[in-house]
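To keep things clear, I will list the structure first and then write my remarks on it.
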Amino acid sequence: MNWKIVRAFMKKSIILSFVIIFGSCFSLKSQNFTVKAHIDSTMMWIGNQTNFSFEISQRPNQKIITPIFSDTIIGGLEIVNPLKVDTIKSEDGHWTIKQNYTVTSFEDSLLYIPSYPFVENGDTLWTQSLSLKVVQPFQVDTASHQIADIKPVMSAPFNWKAFFKVLLIVLLLLLLVLALIVVIRKFIKKKPVSEFVAPEMLLPPFEVAVAKLNEIKNEKMWQHNRTKEYYTAITDVLREYIERSFDIHSMEMTSDEILENLNHLRFESKQAYDVLQQVLKLADLVKFAKWKPLMEEHELSLNNSYLFVELTKPQPVVEENTAPDAE
């Protein structure tokens, strides 16, 4: 056996082992984070949406520079929703960070998504490349030059909550109207029906006065020591008669005011004026001065009341019978 050859082989093996171990350590040091790209669908209809994401596994203290996109990932692949970042902490202390984009496309084509670099302290890792097939599901009639929808018209779901809310309001209003009708009907039934009363035939003032004076005469109040009531009743009859016959508010006047308003009777019918003055003046003495008239004065006052009514009542108009001259 050639010992020199064996020693040379062993020496080369030891050197090779050191090189392999050192290279492995360097490789592990450089690959201290991982990254990969992912797309949910490799094919979608035009106008639909899918998720495009990057998943990074790293240590908490690492700062990794990631690609930045504004409106599109590549030409034809548009970003619908802005970037969403989710971070998950694992038990071994590593972080898994997921960057997600919602994308769509309106071009019927095969889109190639290239690799993207992720840099940390001079170390760069590239994601794998991806592809997305965008398919037009409709047959476009280019000859008609009509604009067609990308998607069919979608009908909105029926809002049962709003429907029942409106239905409840309508039912409450109907119940309120029904209750109001019931209350009104009950009120109308309970309300007494007013019977038609024919107006009384008003008698002439002098007939009313004579009838009331007759009642006073038959009642014989002064004979039963009701002198004040006797004269009050007589003057009330005369006041009512004067008010209706002469259109004077005599019920609210004093005796002097009544005589003053009837002063014209002193010239037209002095006797009527004098008998009225006698009744009113004596009645004032009895009511306010507690005067006690004689029996003859009681009878005189009642008789003068009859006479005043008789003298001032309307006289019937006598039509003269003019006979034609004899031929």
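A note on labels: chains of the structure tokens are A, B, ... as shown, every chain counts residues from 1, and ligands are counted from 1 in their shown order.
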Residues of segment 155-247 of chain A in alpha helix (DSSP H) according to DSSP, as a PyMOL selection string?
chain A and resi 160-190+205-219+227-246
Any idea what's packed within 10 Å of Tyr273 of chain A, counting only C-alpha atoms, ignoring anything in its chain fewer than 2 positions away? Could you give it as a list in words?
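Selected residues are Leu259, Leu262, Asn263, His264, Leu265, Arg266, Phe267, Glu268, Ser269, Lys270, Gln271, Val275, Leu276, Gln277, Gln278, Phe308, Leu311 and Thr312 of chain A.
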Within 6 Å of segment 124-136 of chain A, counting only C-alpha atoms, which residues qualify if same-chain residues fewer than 3 places away don't, as a list in words?
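Here the answer would be Lys36, Ala37, Thr42, Met43, Met44, Trp45, Ile46, Asp108, Ser109, Leu110, Leu111, Tyr112, Ile113, Pro114, Ser115, Tyr116, Pro117, Phe118 and Val119 of chain A.
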Would you pick out the contacts of Glu299 of chain A at 12 Å or less, using only C-alpha atoms, so that residues sharing its chain but fewer than 5 positions from it are not included, and give the list as a PyMOL selection string?
chain A and resi 213+216-217+220-223+227+230-231+234+279+293-294+304-306
Would you write out those residues with N, CA and C atoms, as a PDB file, in the first residue's frame?
ATOM      1  N   LEU A 213    -150.992  89.605  34.163  1.00  0.00           N
ATOM      2  CA  LEU A 213    -151.666  90.404  35.196  1.00  0.00           C
ATOM      3  C   LEU A 213    -152.847  89.642  35.796  1.00  0.00           C
ATOM      4  N   ILE A 216    -151.432  87.312  38.370  1.00  0.00           N
ATOM      5  CA  ILE A 216    -151.090  88.028  39.611  1.00  0.00           C
ATOM      6  C   ILE A 216    -152.355  88.325  40.406  1.00  0.00           C
ATOM      7  N   LYS A 217    -153.404  88.716  39.699  1.00  0.00           N
ATOM      8  CA  LYS A 217    -154.676  89.031  40.371  1.00  0.00           C
ATOM      9  C   LYS A 217    -155.250  87.804  41.059  1.00  0.00           C
ATOM     10  N   LYS A 220    -153.328  86.604  44.414  1.00  0.00           N
ATOM     11  CA  LYS A 220    -153.625  87.373  45.644  1.00  0.00           C
ATOM     12  C   LYS A 220    -152.417  87.413  46.576  1.00  0.00           C
ATOM     13  N   MET A 221    -151.304  87.902  46.051  1.00  0.00           N
ATOM     14  CA  MET A 221    -150.078  87.930  46.848  1.00  0.00           C
ATOM     15  C   MET A 221    -150.145  88.957  47.977  1.00  0.00           C
ATOM     16  N   TRP A 222    -150.683  90.142  47.679  1.00  0.00           N
ATOM     17  CA  TRP A 222    -150.698  91.161  48.736  1.00  0.00           C
ATOM     18  C   TRP A 222    -151.644  90.785  49.866  1.00  0.00           C
ATOM     19  N   GLN A 223    -152.667  89.985  49.565  1.00  0.00           N
ATOM     20  CA  GLN A 223    -153.572  89.526  50.626  1.00  0.00           C
ATOM     21  C   GLN A 223    -152.872  88.562  51.574  1.00  0.00           C
ATOM     22  N   THR A 227    -146.294  91.606  49.857  1.00  0.00           N
ATOM     23  CA  THR A 227    -146.443  92.904  49.185  1.00  0.00           C
ATOM     24  C   THR A 227    -145.290  93.163  48.210  1.00  0.00           C
ATOM     25  N   TYR A 230    -145.546  91.125  45.199  1.00  0.00           N
ATOM     26  CA  TYR A 230    -146.694  91.583  44.412  1.00  0.00           C
ATOM     27  C   TYR A 230    -146.283  92.724  43.482  1.00  0.00           C
ATOM     28  N   TYR A 231    -145.604  93.731  44.016  1.00  0.00           N
ATOM     29  CA  TYR A 231    -145.206  94.871  43.197  1.00  0.00           C
ATOM     30  C   TYR A 231    -144.044  94.516  42.242  1.00  0.00           C
ATOM     31  N   ILE A 234    -145.736  92.879  39.283  1.00  0.00           N
ATOM     32  CA  ILE A 234    -146.445  93.840  38.425  1.00  0.00           C
ATOM     33  C   ILE A 234    -145.457  94.629  37.562  1.00  0.00           C
ATOM     34  N   VAL A 279    -147.722 103.478  39.197  1.00  0.00           N
ATOM     35  CA  VAL A 279    -147.355 102.092  39.522  1.00  0.00           C
ATOM     36  C   VAL A 279    -145.856 101.988  39.818  1.00  0.00           C
ATOM     37  N   PRO A 293    -148.334 100.183  51.514  1.00  0.00           N
ATOM     38  CA  PRO A 293    -149.481 100.859  50.895  1.00  0.00           C
ATOM     39  C   PRO A 293    -150.804 100.401  51.526  1.00  0.00           C
ATOM     40  N   LEU A 294    -151.826 101.190  51.278  1.00  0.00           N
ATOM     41  CA  LEU A 294    -153.182 100.836  51.721  1.00  0.00           C
ATOM     42  C   LEU A 294    -153.784  99.823  50.754  1.00  0.00           C
ATOM     43  N   ASN A 304    -154.330 100.167  37.340  1.00  0.00           N
ATOM     44  CA  ASN A 304    -153.597 101.082  36.470  1.00  0.00           C
ATOM     45  C   ASN A 304    -152.696 100.321  35.486  1.00  0.00           C
ATOM     46  N   SER A 305    -152.186  99.155  35.904  1.00  0.00           N
ATOM     47  CA  SER A 305    -151.368  98.331  34.988  1.00  0.00           C
ATOM     48  C   SER A 305    -152.209  97.841  33.825  1.00  0.00           C
ATOM     49  N   TYR A 306    -153.449  97.358  34.131  1.00  0.00           N
ATOM     50  CA  TYR A 306    -154.366  96.973  33.049  1.00  0.00           C
ATOM     51  C   TYR A 306    -154.632  98.163  32.129  1.00  0.00           C
TER      52      TYR A 306
END
Exercise: segment 256-258 of chain A partners within 10 Å, only C-alpha atoms, chain neighbours under 3 positions left out, as a PyMOL selection string:
chain A and resi 239+242-243+248-253+261-263+276-277+280-281
Selected residues, N, CA and C atoms, written as an mmCIF file, in the first residue's frame, please.
data_model
loop_
_atom_site.group_PDB
_atom_site.id
_atom_site.type_symbol
_atom_site.label_atom_id
_atom_site.label_comp_id
_atom_site.auth_asym_id
_atom_site.auth_seq_id
_atom_site.Cartn_x
_atom_site.Cartn_y
_atom_site.Cartn_z
ATOM 1 N N ARG A 239 -142.483 96.106 32.542
ATOM 2 C CA ARG A 239 -141.178 96.274 31.892
ATOM 3 C C ARG A 239 -141.086 95.417 30.627
ATOM 4 N N ILE A 242 -143.293 96.949 27.936
ATOM 5 C CA ILE A 242 -142.706 98.169 27.372
ATOM 6 C C ILE A 242 -141.549 97.816 26.428
ATOM 7 N N GLU A 243 -140.738 96.819 26.817
ATOM 8 C CA GLU A 243 -139.580 96.444 25.992
ATOM 9 C C GLU A 243 -140.017 95.907 24.645
ATOM 10 N N ILE A 248 -137.561 99.325 23.906
ATOM 11 C CA ILE A 248 -136.713 99.971 24.905
ATOM 12 C C ILE A 248 -136.210 98.883 25.845
ATOM 13 N N HIS A 249 -134.937 98.899 26.190
ATOM 14 C CA HIS A 249 -134.376 97.893 27.096
ATOM 15 C C HIS A 249 -134.764 98.224 28.541
ATOM 16 N N SER A 250 -136.029 98.142 28.782
ATOM 17 C CA SER A 250 -136.551 98.586 30.075
ATOM 18 C C SER A 250 -136.208 97.630 31.212
ATOM 19 N N MET A 251 -135.872 96.367 30.901
ATOM 20 C CA MET A 251 -135.551 95.406 31.969
ATOM 21 C C MET A 251 -134.257 95.802 32.687
ATOM 22 N N GLU A 252 -133.418 96.604 32.033
ATOM 23 C CA GLU A 252 -132.152 97.030 32.625
ATOM 24 C C GLU A 252 -132.191 98.480 33.105
ATOM 25 N N MET A 253 -133.334 99.136 33.043
ATOM 26 C CA MET A 253 -133.447 100.552 33.412
ATOM 27 C C MET A 253 -134.113 100.716 34.764
ATOM 28 N N ASN A 261 -137.661 107.727 28.887
ATOM 29 C CA ASN A 261 -137.731 107.226 27.525
ATOM 30 C C ASN A 261 -139.156 107.225 26.976
ATOM 31 N N LEU A 262 -140.150 107.244 27.876
ATOM 32 C CA LEU A 262 -141.553 107.288 27.444
ATOM 33 C C LEU A 262 -142.150 108.681 27.640
ATOM 34 N N ASN A 263 -141.325 109.670 27.676
ATOM 35 C CA ASN A 263 -141.778 111.037 27.919
ATOM 36 C C ASN A 263 -142.746 111.515 26.838
ATOM 37 N N LEU A 276 -148.784 104.801 34.579
ATOM 38 C CA LEU A 276 -147.504 104.088 34.645
ATOM 39 C C LEU A 276 -146.633 104.691 35.736
ATOM 40 N N GLN A 277 -146.618 106.019 35.824
ATOM 41 C CA GLN A 277 -145.814 106.696 36.840
ATOM 42 C C GLN A 277 -146.292 106.311 38.231
ATOM 43 N N LEU A 280 -145.033 102.619 38.996
ATOM 44 C CA LEU A 280 -143.581 102.492 39.169
ATOM 45 C C LEU A 280 -143.103 103.180 40.442
ATOM 46 N N LYS A 281 -143.618 104.379 40.720
ATOM 47 C CA LYS A 281 -143.175 105.101 41.908
ATOM 48 C C LYS A 281 -143.577 104.377 43.177
#
As a check of understanding: the span from atom CA of Glu107 of chain A to atom CA of Gly75 of chain A is 9.9 Å
Who sits within 9 Å of Lys313 of chain A, only C-alpha atoms, same chain under 5 positions skipped, as a PyMOL selection string
chain A and resi 205-206+245+308
Mind writing the picked residues with C-alpha atoms as a JSON list (two decimals), in the first residue's frame?
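Now in result-v4.json:
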[["chain", "number", "residue", "atom", "x", "y", "z"],
["A", 205, "PRO", "CA", -147.24, 91.94, 23.87],
["A", 206, "PHE", "CA", -150.52, 93.28, 25.23],
["A", 245, "SER", "CA", -143.96, 97.36, 22.48],
["A", 308, "PHE", "CA", -151.67, 101.31, 30.76]]
